[in-house]
file my_file36.csv (CSV, C-alpha atoms and all ligand atoms)
chain,number,residue,atom,x,y,z
A,24,MET,CA,83.0,15.3,124.2
A,25,LYS,CA,82.5,12.2,122.2
A,26,GLU,CA,85.4,10.7,120.2
A,27,ALA,CA,83.3,10.6,117.0
A,28,GLU,CA,82.6,14.4,117.3
A,29,LEU,CA,86.3,15.2,117.8
A,30,LEU,CA,87.2,13.0,114.8
A,31,ARG,CA,84.7,14.8,112.6
A,32,CYS,CA,86.5,18.1,113.3
A,33,GLN,CA,89.7,16.9,111.6
A,34,ILE,CA,90.3,18.9,108.4
A,35,GLN,CA,90.9,15.8,106.3
A,36,GLU,CA,87.4,14.6,107.3
A,37,TRP,CA,85.4,17.8,106.8
A,38,TYR,CA,87.3,19.3,103.9
A,39,PRO,CA,85.9,17.0,101.2
A,40,LEU,CA,82.3,17.8,102.3
A,41,PHE,CA,82.9,21.6,102.3
A,42,LYS,CA,85.3,22.0,99.4
A,43,PRO,CA,83.3,24.6,97.5
A,44,TYR,CA,82.7,26.6,100.7
A,45,THR,CA,86.1,26.9,102.2
A,46,ILE,CA,89.8,27.7,101.5
A,47,LYS,CA,91.5,25.6,98.9
A,48,THR,CA,93.5,22.9,100.8
A,49,HIS,CA,95.8,20.0,100.0
A,50,CYS,CA,96.1,17.2,102.6
A,51,HIS,CA,99.2,15.0,102.8
A,52,PRO,CA,99.4,11.9,104.9
A,53,LEU,CA,102.3,11.9,107.3
A,54,SER,CA,104.6,8.9,107.9
A,55,ASP,CA,105.6,7.7,111.3
A,56,PRO,CA,109.2,8.9,110.9
A,57,PHE,CA,108.0,12.4,110.1
A,58,ILE,CA,105.6,12.3,113.1
A,59,ARG,CA,108.5,11.2,115.4
A,60,TYR,CA,110.6,14.1,113.9
A,61,LEU,CA,107.8,16.6,114.8
A,62,LEU,CA,107.6,15.2,118.3
A,63,GLY,CA,111.4,15.4,118.7
A,64,GLN,CA,111.6,11.7,119.2
A,65,PRO,CA,114.7,9.8,118.2
A,66,ASP,CA,114.6,7.7,115.1
A,67,PRO,CA,114.9,4.0,116.3
A,68,GLN,CA,117.0,3.3,113.2
A,69,SER,CA,119.5,6.0,114.0
A,70,SER,CA,122.3,6.2,116.6
A,71,ALA,CA,121.7,10.0,117.1
A,72,ASP,CA,120.5,11.2,120.5
A,73,HIS,CA,117.4,13.2,120.9
A,74,PRO,CA,117.3,15.7,118.0
A,75,PRO,CA,117.3,19.3,119.1
A,76,ARG,CA,114.0,21.2,119.0
A,77,PHE,CA,114.8,23.4,116.0
A,78,LEU,CA,116.5,20.9,113.9
A,79,LEU,CA,115.3,21.2,110.3
A,80,PRO,CA,115.0,18.3,108.0
A,81,ARG,CA,117.8,17.8,105.6
A,82,PRO,CA,116.6,19.2,102.3
A,83,ALA,CA,116.1,17.0,99.3
A,84,SER,CA,119.0,17.6,97.0
A,85,GLY,CA,118.8,20.8,95.0
A,86,HIS,CA,116.5,22.6,97.4
A,87,ASP,CA,117.4,25.7,99.3
A,88,PRO,CA,117.3,24.7,103.0
A,89,LEU,CA,117.1,28.2,104.2
A,90,PRO,CA,113.8,28.9,105.8
A,91,ARG,CA,112.1,32.2,105.5
A,92,THR,CA,112.1,32.0,109.2
A,93,THR,CA,115.7,32.7,109.8
A,94,ALA,CA,115.2,34.7,113.0
A,95,ARG,CA,116.1,32.1,115.6
A,96,ILE,CA,118.5,30.0,113.5
A,97,ASP,CA,122.1,30.9,114.2
A,98,PRO,CA,124.2,29.8,111.3
A,99,THR,CA,127.3,29.7,113.6
A,100,SER,CA,125.6,27.5,116.1
A,101,SER,CA,126.6,23.8,116.2
A,102,LEU,CA,122.8,23.1,116.3
A,103,SER,CA,122.3,24.6,112.9
A,104,PRO,CA,121.8,22.2,110.0
A,105,LEU,CA,123.0,25.0,107.8
A,106,ASN,CA,126.5,24.9,109.2
A,107,SER,CA,127.8,22.1,107.2
A,108,ASP,CA,131.4,22.7,108.4
A,109,SER,CA,130.4,22.5,112.0
A,110,ASP,CA,132.2,19.2,112.8
A,111,SER,CA,135.0,19.4,110.3
A,112,ASP,CA,137.6,19.6,113.1
A,113,ASP,CA,136.4,16.5,115.0
A,114,ASP,CA,134.5,13.4,114.3
A,115,ARG,CA,131.3,14.2,116.3
A,116,GLN,CA,128.1,13.5,114.4
A,117,SER,CA,126.9,16.9,113.2
A,118,PRO,CA,123.2,17.8,113.7
A,119,ALA,CA,123.1,18.2,109.9
A,120,ASP,CA,124.0,14.5,109.7
A,121,ALA,CA,121.5,13.7,112.4
A,122,ALA,CA,118.7,15.6,110.6
A,123,PRO,CA,116.4,13.2,108.9
A,124,SER,CA,115.3,13.8,105.4
A,125,PHE,CA,111.8,13.4,103.9
A,126,PRO,CA,112.3,13.8,100.2
A,127,ASP,CA,108.9,12.4,99.1
A,128,LEU,CA,106.9,14.6,101.5
A,129,GLU,CA,109.1,17.6,100.6
A,130,ASP,CA,108.4,17.1,96.9
A,131,ALA,CA,104.7,16.7,97.5
A,132,VAL,CA,104.6,19.8,99.7
A,133,ASN,CA,106.6,21.8,97.2
A,134,ARG,CA,104.1,20.8,94.4
A,135,SER,CA,101.2,21.8,96.6
A,136,ILE,CA,102.8,25.2,97.5
A,137,THR,CA,103.2,26.0,93.8
A,138,ALA,CA,99.6,24.8,93.0
A,139,LEU,CA,98.2,26.9,95.8
A,140,GLY,CA,99.8,30.1,94.6
A,141,GLY,CA,103.2,30.1,96.4
A,142,ALA,CA,102.3,30.5,100.0
A,143,VAL,CA,100.3,28.4,102.4
A,144,LEU,CA,99.1,28.1,106.0
A,145,PRO,CA,100.0,24.7,107.4
A,146,LYS,CA,98.0,22.8,110.0
A,147,LEU,CA,97.6,19.2,111.2
A,148,ASN,CA,94.3,17.3,111.7
A,149,TRP,CA,92.9,19.9,114.1
A,150,SER,CA,95.4,22.7,114.8
A,151,SER,CA,97.6,25.2,113.2
A,152,PRO,CA,100.9,26.1,114.8
A,153,LYS,CA,99.6,29.5,115.8
A,154,ASP,CA,101.4,29.4,119.2
A,155,ALA,CA,104.7,29.3,117.2
A,156,ALA,CA,104.0,32.2,114.8
A,157,TRP,CA,106.4,34.3,116.8
A,158,ILE,CA,109.3,32.3,115.4
A,159,SER,CA,108.7,33.4,111.8
A,160,SER,CA,110.2,36.6,110.5
A,161,ASP,CA,106.9,38.3,110.0
A,162,GLY,CA,105.1,36.7,113.0
A,163,SER,CA,102.5,35.0,110.7
A,164,LEU,CA,101.8,31.4,109.7
A,165,ARG,CA,102.6,32.1,106.0
A,166,CYS,CA,105.0,29.5,104.6
A,167,THR,CA,106.6,29.3,101.3
A,168,SER,CA,108.9,26.3,101.8
A,169,PHE,CA,109.1,22.9,103.4
A,170,ALA,CA,111.7,24.3,105.9
A,171,ASP,CA,109.3,27.1,106.9
A,172,ILE,CA,106.6,24.5,107.6
A,173,ALA,CA,108.9,22.1,109.4
A,174,LEU,CA,110.2,24.8,111.7
A,175,LEU,CA,106.7,26.1,112.6
A,176,LEU,CA,105.3,22.6,113.2
A,177,ARG,CA,108.2,21.5,115.3
A,178,SER,CA,108.1,24.6,117.5
A,179,SER,CA,104.4,24.4,118.3
A,180,ASP,CA,102.8,22.9,121.4
A,181,SER,CA,99.4,22.9,119.6
A,182,ILE,CA,100.9,20.6,117.1
A,183,SER,CA,102.4,18.3,119.8
A,184,HIS,CA,99.0,18.2,121.4
A,185,ASP,CA,97.3,17.2,118.2
A,186,LEU,CA,99.9,14.4,117.8
A,187,SER,CA,100.0,13.0,121.3
A,188,GLN,CA,97.0,14.0,123.3
A,189,ALA,CA,94.1,15.0,121.1
A,190,LEU,CA,91.9,12.0,122.0
A,191,THR,CA,92.6,11.9,125.7
A,192,LEU,CA,89.8,14.3,126.5
A,193,CYS,CA,87.0,12.3,125.1
A,194,SER,CA,84.4,11.1,127.6
A,195,ASP,CA,84.0,7.8,125.7
A,196,ALA,CA,87.7,7.4,124.7
A,197,SER,CA,88.4,3.7,124.4
A,198,LEU,CA,91.2,2.2,126.5
A,199,ASP,CA,92.8,1.1,123.3
A,200,PRO,CA,92.3,4.2,121.1
A,201,PRO,CA,92.2,3.8,117.4
A,202,SER,CA,95.6,4.8,115.9
A,203,THR,CA,95.0,8.2,114.3
A,204,ALA,CA,96.2,8.9,110.8
A,205,PHE,CA,97.9,12.3,110.7
A,206,TYR,CA,97.8,14.7,107.8
A,207,LEU,CA,99.5,17.9,106.9
A,208,ALA,CA,96.9,20.3,105.5
A,209,LEU,CA,98.3,23.1,103.4
A,210,ARG,CA,95.8,25.9,102.9
A,211,LYS,CA,96.1,28.6,100.3
A,212,TRP,CA,97.4,31.7,102.1
A,213,TYR,CA,95.1,34.8,102.1
A,214,PRO,CA,97.1,37.9,103.1
A,215,SER,CA,94.2,40.2,103.4
A,216,LEU,CA,91.7,38.4,105.7
A,217,ARG,CA,90.0,40.9,107.9
A,218,PRO,CA,90.0,39.6,111.4
A,219,GLU,CA,86.8,41.4,112.3
A,220,MET,CA,84.9,39.4,109.6
A,221,GLU,CA,85.6,36.1,111.2
A,222,PHE,CA,83.0,34.6,113.6
A,223,ARG,CA,82.7,31.5,115.8
A,224,CYS,CA,79.3,29.8,115.5
A,225,PHE,CA,78.1,27.6,118.4
A,226,VAL,CA,75.9,24.7,117.3
A,227,ARG,CA,74.0,22.7,119.9
A,228,ARG,CA,71.7,19.8,119.0
A,229,ARG,CA,72.2,20.8,115.4
A,230,ARG,CA,70.8,24.3,116.1
A,231,LEU,CA,72.8,27.5,115.7
A,232,ILE,CA,72.4,29.1,119.2
A,233,ALA,CA,75.2,31.7,119.3
A,234,ILE,CA,77.7,33.6,117.3
A,235,SER,CA,80.8,35.4,118.6
A,236,GLN,CA,83.3,37.8,117.1
A,237,ARG,CA,86.3,35.5,116.6
A,238,GLU,CA,89.1,38.1,117.3
A,239,VAL,CA,88.1,39.4,120.8
A,240,THR,CA,91.2,41.3,121.6
A,241,THR,CA,90.2,44.3,119.6
A,242,PHE,CA,87.2,46.6,119.3
A,243,TYR,CA,86.0,46.9,115.7
A,244,PRO,CA,83.6,49.8,115.4
A,245,VAL,CA,82.2,48.3,112.2
A,246,LEU,CA,80.8,45.3,114.1
A,247,PRO,CA,78.2,46.9,116.3
A,248,ASP,CA,77.0,48.8,113.3
A,249,ARG,CA,76.9,45.8,110.9
A,250,LYS,CA,76.0,42.8,113.1
A,251,HIS,CA,72.3,43.0,112.1
A,252,GLU,CA,73.3,42.6,108.4
A,253,ILE,CA,75.9,39.9,109.2
A,254,GLN,CA,73.7,37.7,111.3
A,255,PRO,CA,71.2,36.7,108.6
A,256,LEU,CA,74.1,35.9,106.2
A,257,ILE,CA,75.6,33.5,108.7
A,258,GLU,CA,72.2,32.0,109.7
A,259,ARG,CA,71.3,31.3,106.0
A,260,PHE,CA,74.7,29.8,105.4
A,261,PHE,CA,74.4,27.5,108.4
A,262,ASN,CA,70.9,26.4,107.5
A,263,GLU,CA,71.7,25.8,103.8
A,264,VAL,CA,75.2,24.5,103.9
A,265,VAL,CA,76.5,23.4,107.3
A,266,ARG,CA,73.6,21.8,109.2
A,267,GLU,CA,72.9,18.8,107.0
A,268,ARG,CA,76.5,18.3,105.9
A,269,PHE,CA,78.3,18.1,109.2
A,270,GLY,CA,77.5,15.0,111.2
A,271,SER,CA,77.8,16.1,114.8
A,272,GLU,CA,75.1,17.3,117.2
A,273,ASP,CA,77.3,19.7,119.1
A,274,TYR,CA,80.3,21.7,117.6
A,275,THR,CA,81.6,25.1,116.7
A,276,VAL,CA,82.3,26.3,113.2
A,277,ASP,CA,84.4,29.4,112.4
A,278,VAL,CA,83.2,31.3,109.3
A,279,TYR,CA,84.5,34.3,107.4
A,280,VAL,CA,82.2,36.8,105.7
A,281,THR,CA,83.7,38.2,102.5
A,282,SER,CA,83.3,41.8,101.4
A,283,ASP,CA,80.7,40.7,98.8
A,284,GLU,CA,78.7,39.0,101.6
A,285,ARG,CA,79.6,35.3,100.9
A,286,VAL,CA,80.2,33.1,103.9
A,287,LYS,CA,83.1,30.6,104.0
A,288,VAL,CA,84.0,27.9,106.4
A,289,VAL,CA,87.4,28.4,108.1
A,290,ASP,CA,87.4,25.5,110.6
A,291,PHE,CA,85.4,23.2,112.8
A,292,ASN,CA,86.1,22.6,116.5
A,293,PRO,CA,84.6,20.3,119.1
A,294,TRP,CA,82.1,21.6,121.7
A,295,GLY,CA,83.8,22.5,125.0
A,296,ALA,CA,87.2,21.3,126.0
A,297,PHE,CA,90.0,23.4,124.4
A,298,THR,CA,87.7,25.3,122.1
A,299,LEU,CA,87.5,28.9,123.3
A,300,PRO,CA,84.0,30.2,123.9
A,301,LEU,CA,85.2,33.8,123.1
A,302,MET,CA,82.4,36.2,124.0
A,303,PHE,CA,80.5,33.5,125.9
A,304,GLU,CA,81.2,31.1,128.8
A,305,TRP,CA,80.7,27.4,128.2
A,306,LYS,CA,78.6,27.3,131.3
A,307,GLU,CA,75.9,29.6,129.8
A,308,LEU,CA,76.1,27.9,126.3
A,309,ASP,CA,75.5,24.5,128.1
A,310,GLU,CA,72.4,25.8,129.9
A,311,GLU,CA,69.1,24.3,129.0
A,312,GLY,CA,67.1,26.7,126.9
A,313,PHE,CA,70.1,29.0,125.9
A,314,GLY,CA,69.5,30.4,122.4
A,315,GLU,CA,65.9,29.0,122.3
A,316,LEU,CA,64.5,32.5,121.7
A,317,GLY,CA,66.9,33.1,118.8
A,318,VAL,CA,70.5,33.2,118.0
A,319,GLU,CA,72.6,35.2,120.4
A,320,PHE,CA,75.2,37.3,118.5
A,321,ARG,CA,77.8,39.0,120.6
A,322,VAL,CA,80.5,41.4,119.4
A,323,ILE,CA,82.5,43.9,121.4
A,324,GLU,CA,80.3,46.9,121.7
A,325,GLY,CA,82.9,49.4,122.9
A,326,ARG,CA,86.5,50.0,123.6
A,327,GLN,CA,86.2,48.8,127.2
A,328,GLY,CA,84.9,45.5,126.1
A,329,VAL,CA,88.1,44.0,124.6
A,330,ARG,CA,89.3,40.7,126.1
A,331,PRO,CA,93.0,40.9,125.7
A,332,GLY,CA,93.7,38.0,128.1
A,333,LEU,CA,92.4,35.5,125.6
A,334,LYS,CA,95.2,36.3,123.2
A,335,THR,CA,98.1,37.6,125.4
A,336,ALA,CA,97.6,35.3,128.3
A,337,VAL,CA,97.7,38.4,130.5
A,338,PRO,CA,94.9,38.3,133.1
A,339,TYR,CA,92.3,40.8,132.0
A,340,ASP,CA,92.3,42.4,135.5
A,341,TYR,CA,95.9,43.4,135.2
A,342,LEU,CA,95.3,45.5,132.2
A,343,ASP,CA,94.4,49.1,132.6
A,344,THR,CA,92.3,49.9,129.6
A,345,GLY,CA,90.8,53.1,130.9
A,346,GLU,CA,91.2,56.6,129.6
A,347,GLY,CA,94.7,57.9,129.8
A,348,SER,CA,96.2,54.4,130.0
A,349,GLY,CA,97.6,54.7,126.5
A,350,TRP,CA,95.5,51.7,125.6
A,351,ASP,CA,92.8,54.0,124.2
A,352,GLN,CA,95.4,55.7,122.0
A,353,PHE,CA,96.6,52.4,120.8
A,354,LEU,CA,93.1,51.5,119.8
A,355,THR,CA,92.7,54.7,117.9
A,356,ARG,CA,95.8,53.8,115.9
A,357,ALA,CA,94.3,50.3,115.4
A,358,ASP,CA,91.1,51.8,114.2
A,359,GLU,CA,93.0,53.9,111.7
A,360,GLU,CA,94.6,50.8,110.4
A,361,LEU,CA,91.2,49.2,110.1
A,362,ARG,CA,89.8,52.1,108.2
A,363,LYS,CA,92.7,51.6,105.7
A,364,GLN,CA,92.0,47.9,105.5
A,365,ALA,CA,88.3,48.6,105.0
A,366,LEU,CA,89.2,50.4,101.8
A,367,ASP,CA,90.7,47.1,100.5
A,368,ILE,CA,87.4,45.4,99.8
A,369,GLY,CA,88.2,43.8,96.5
A,370,HIS,CA,89.9,40.7,97.8
A,371,ASN,CA,88.6,37.3,97.1
A,372,TYR,CA,88.4,34.3,99.5
A,373,GLY,CA,87.9,30.7,99.0
A,374,ASP,CA,88.2,28.4,96.0
A,375,GLY,CA,88.9,29.7,92.6
B,1,LIG,N1,94.5,30.3,104.5
B,1,LIG,C1,94.7,31.2,105.4
B,1,LIG,N2,95.3,32.4,105.1
B,1,LIG,C2,95.5,33.4,106.0
B,1,LIG,N3,95.0,33.3,107.3
B,1,LIG,C3,94.4,32.2,107.6
B,1,LIG,C4,94.1,31.1,106.7
B,1,LIG,N4,93.5,30.1,107.4
B,1,LIG,C5,93.3,30.6,108.6
B,1,LIG,N5,93.8,31.8,108.8
B,1,LIG,C6,93.8,32.6,110.0
B,1,LIG,O1,94.4,31.8,111.0
B,1,LIG,C7,93.5,31.6,112.1
B,1,LIG,C8,93.7,30.2,112.7
B,1,LIG,O2,93.3,29.2,111.7
B,1,LIG,P1,92.6,27.9,112.1
B,1,LIG,O3,91.3,28.2,112.8
B,1,LIG,O4,92.5,27.0,110.9
B,1,LIG,O5,93.6,27.4,113.2
B,1,LIG,P2,93.4,26.6,114.5
B,1,LIG,O6,94.7,26.3,115.1
B,1,LIG,O7,92.5,25.4,114.3
B,1,LIG,O8,92.7,27.7,115.4
B,1,LIG,P3,91.5,27.5,116.5
B,1,LIG,O9,91.9,26.2,117.3
B,1,LIG,O10,91.6,28.7,117.4
B,1,LIG,O11,90.3,27.4,115.7
B,1,LIG,C9,92.1,31.8,111.6
B,1,LIG,O12,91.3,32.3,112.6
B,1,LIG,C10,92.4,32.8,110.5
B,1,LIG,O13,92.3,34.2,111.0
call {"tool": "encode", "arguments": {"input": "my_file36.csv", "output": "structure tokens", "more": "lines below"}}
Ligand SMILES: Nc1ncnc2c1ncn2[C@@H]1O[C@H](COP(=O)(O)OP(=O)(O)OP(=O)(O)O)[C@@H](O)[C@H]1O
result
Amino acid sequence: MKEAELLRCQIQEWYPLFKPYTIKTHCHPLSDPFIRYLLGQPDPQSSADHPPRFLLPRPASGHDPLPRTTARIDPTSSLSPLNSDSDSDDDRQSPADAAPSFPDLEDAVNRSITALGGAVLPKLNWSSPKDAAWISSDGSLRCTSFADIALLLRSSDSISHDLSQALTLCSDASLDPPSTAFYLALRKWYPSLRPEMEFRCFVRRRRLIAISQREVTTFYPVLPDRKHEIQPLIERFFNEVVRERFGSEDYTVDVYVTSDERVKVVDFNPWGAFTLPLMFEWKELDEEGFGELGVEFRVIEGRQGVRPGLKTAVPYDYLDTGEGSGWDQFLTRADEELRKQALDIGHNYGDG
């Protein structure tokens, strides 16, 4: 992967080019102290030791420090910045004192949250903190405060990777890599996105060669039925909107198809490396001639085709998905849920 291709996949780079065709987003530049805070590195100006992993920033005055994500924060713990009395009996520095404060960023973030309707999904240049979603009370990336965002970002290995290792995989990485400017992207939260309507598109030498269902841990009966309608929508969107605007030769683009058949960009990712090929293998996508006869569109065609390992990190072979395993009943319940969701077709997505 070339460095330039990885850099183009940063949200602050592609968002201005695709603004009318994606989720409304505000990008905030991050200061070095905030980046050190996210990485859990001590502030060189402070005498405090390594800050604990879940230390929240001290809120700007007048703001409620309590994150929505209270699940793992024990108010009686000496680690909790909420426990302002924690060191009243001795003169140890309390974690609350050790917690840095970022009032300018906090104010800017709060203004963005309000402007974006009260809830956002946070991400950095490339990644969202999806590996840390478990820490939030509803298991999602929905954030309504600066403390929500700080907790998710600080708990996420994907975010640490963005901050410290993103450029190391580039085949042409310079010995002295350019210092990357980091941004916090806040994206308007959409509560009713239908996972089956998200697709990963594989673009090689500027040609769309393959499309995969994005959420491959579930069989969605609607997909085999509708893939022939969905494919031309995605192909037209790629040809009219994406191909000329995005500068790379090889990349993936995740798109969402709305209930009224508009296509929106969700994210760009580099070709190969950490980007999951989902229903494909990178080896086959890299083969000369793959997709030359037309775009290959793969969805899970039946209940036996789910690929749970990609989400749960459980090896696929360990999972008994056969009849009587209970898995089939689980899917029936999931299908029922889907049918209910399918009734909710009025939602909007994207700018405006
Ligand atoms: N604004 C939003 N509101 C609700 N859900 C969202 C929003 N943006 C993204 N999502 C959901 O979160 C998922 C992850 O988002 P995104 O692709 O931006 O993160 P990522 O960390 O870059 O993921 P990946 O590396 O797998 O592409 C998306 O696939 C989508 O289902």
call {"tool": "closest_residue", "arguments": {"input": "my_file36.csv", "among": "A:Leu62, A:Val329, A:Ala83, A:Ile136", "to": "A:Ile172", "atoms": "all atoms listed in the file"}}
result
A:Ile136
call {"tool": "residues_near_ligand", "arguments": {"input": "my_file36.csv", "ligand": "ligand LIG 1 (chain B)", "cutoff": "9 Å", "atoms": "only C-alpha atoms and all ligand atoms", "output": "PyMOL selection string"}}
result
chain A and resi 34+46-48+142-154+163-165+181-182+209-218+221-223+237-238+276-279+289-292+297-299+372-373
call {"tool": "residues_around", "arguments": {"input": "my_file36.csv", "residues": "A:Pro39", "least_positions_apart": "4", "cutoff": "12 Å", "atoms": "only C-alpha atoms", "output": "list of chain:residue names"}}
result
A:Arg31, A:Gln33, A:Ile34, A:Gln35, A:Pro43, A:Tyr44, A:Thr45, A:Ile46, A:Lys47, A:Thr48, A:His49, A:Cys50, A:Arg268, A:Phe269
call {"tool": "atom_distance", "arguments": {"input": "my_file36.csv", "atom1": "atom CA of A:Leu301", "atom2": "atom CA of A:Gly328"}}
result
12.1 Å
call {"tool": "closest_atom_pairs", "arguments": {"input": "my_file36.csv", "of": "stretch 138-226 of chain A", "to": "stretch 261-265 of chain A", "cutoff": "12 Å", "atoms": "only C-alpha atoms", "output": "tab-separated table"}}
result
residue	atom	partner	partner_atom	distance
A:Arg223	CA	A:Phe261	CA	11.8
A:Cys224	CA	A:Phe261	CA	8.9
A:Phe225	CA	A:Phe261	CA	10.7
A:Val226	CA	A:Phe261	CA	9.4
call {"tool": "residues_near_point", "arguments": {"input": "my_file36.csv", "point": "(109.4, 19.3, 114.5)", "cutoff": "12 Å", "atoms": "only C-alpha atoms", "output": "VMD selection string"}}
result
chain A and resid 56 to 65 73 to 80 122 to 123 152 155 169 to 183 186
call {"tool": "residues_around", "arguments": {"input": "my_file36.csv", "residues": "stretch 248-255 of chain A", "least_positions_apart": "5", "cutoff": "12 Å", "atoms": "all atoms listed in the file", "output": "PyMOL selection string"}}
result
chain A and resi 219-224+231-236+243+260-263+278-286+317-325
call {"tool": "atom_distance", "arguments": {"input": "my_file36.csv", "atom1": "atom CA of A:Met24", "atom2": "atom CA of A:Glu310"}}
result
16.0 Å
call {"tool": "residues_around", "arguments": {"input": "my_file36.csv", "residues": "A:Glu28", "least_positions_apart": "2", "cutoff": "8 Å", "atoms": "all atoms listed in the file", "output": "number ranges by chain"}}
result
A: 24-26, 30-32, 270-271, 273-274, 293
call {"tool": "atom_distance", "arguments": {"input": "my_file36.csv", "atom1": "atom CA of A:Phe41", "atom2": "atom CA of A:Lys287"}}
result
9.2 Å
call {"tool": "closest_residue", "arguments": {"input": "my_file36.csv", "among": "A:Gly141, A:Leu207, A:Thr191, A:Arg228", "to": "A:Phe313", "atoms": "only C-alpha atoms"}}
result
A:Arg228
call {"tool": "closest_residue", "arguments": {"input": "my_file36.csv", "among": "A:Ser135, A:Ser194, A:Ser187, A:Thr275", "to": "A:Thr167", "atoms": "all atoms listed in the file"}}
result
A:Ser135
call {"tool": "closest_residue", "arguments": {"input": "my_file36.csv", "among": "A:Leu29, A:Ala208, A:Ala156, A:Asp127", "to": "A:Gly295", "atoms": "only C-alpha atoms"}}
result
A:Leu29
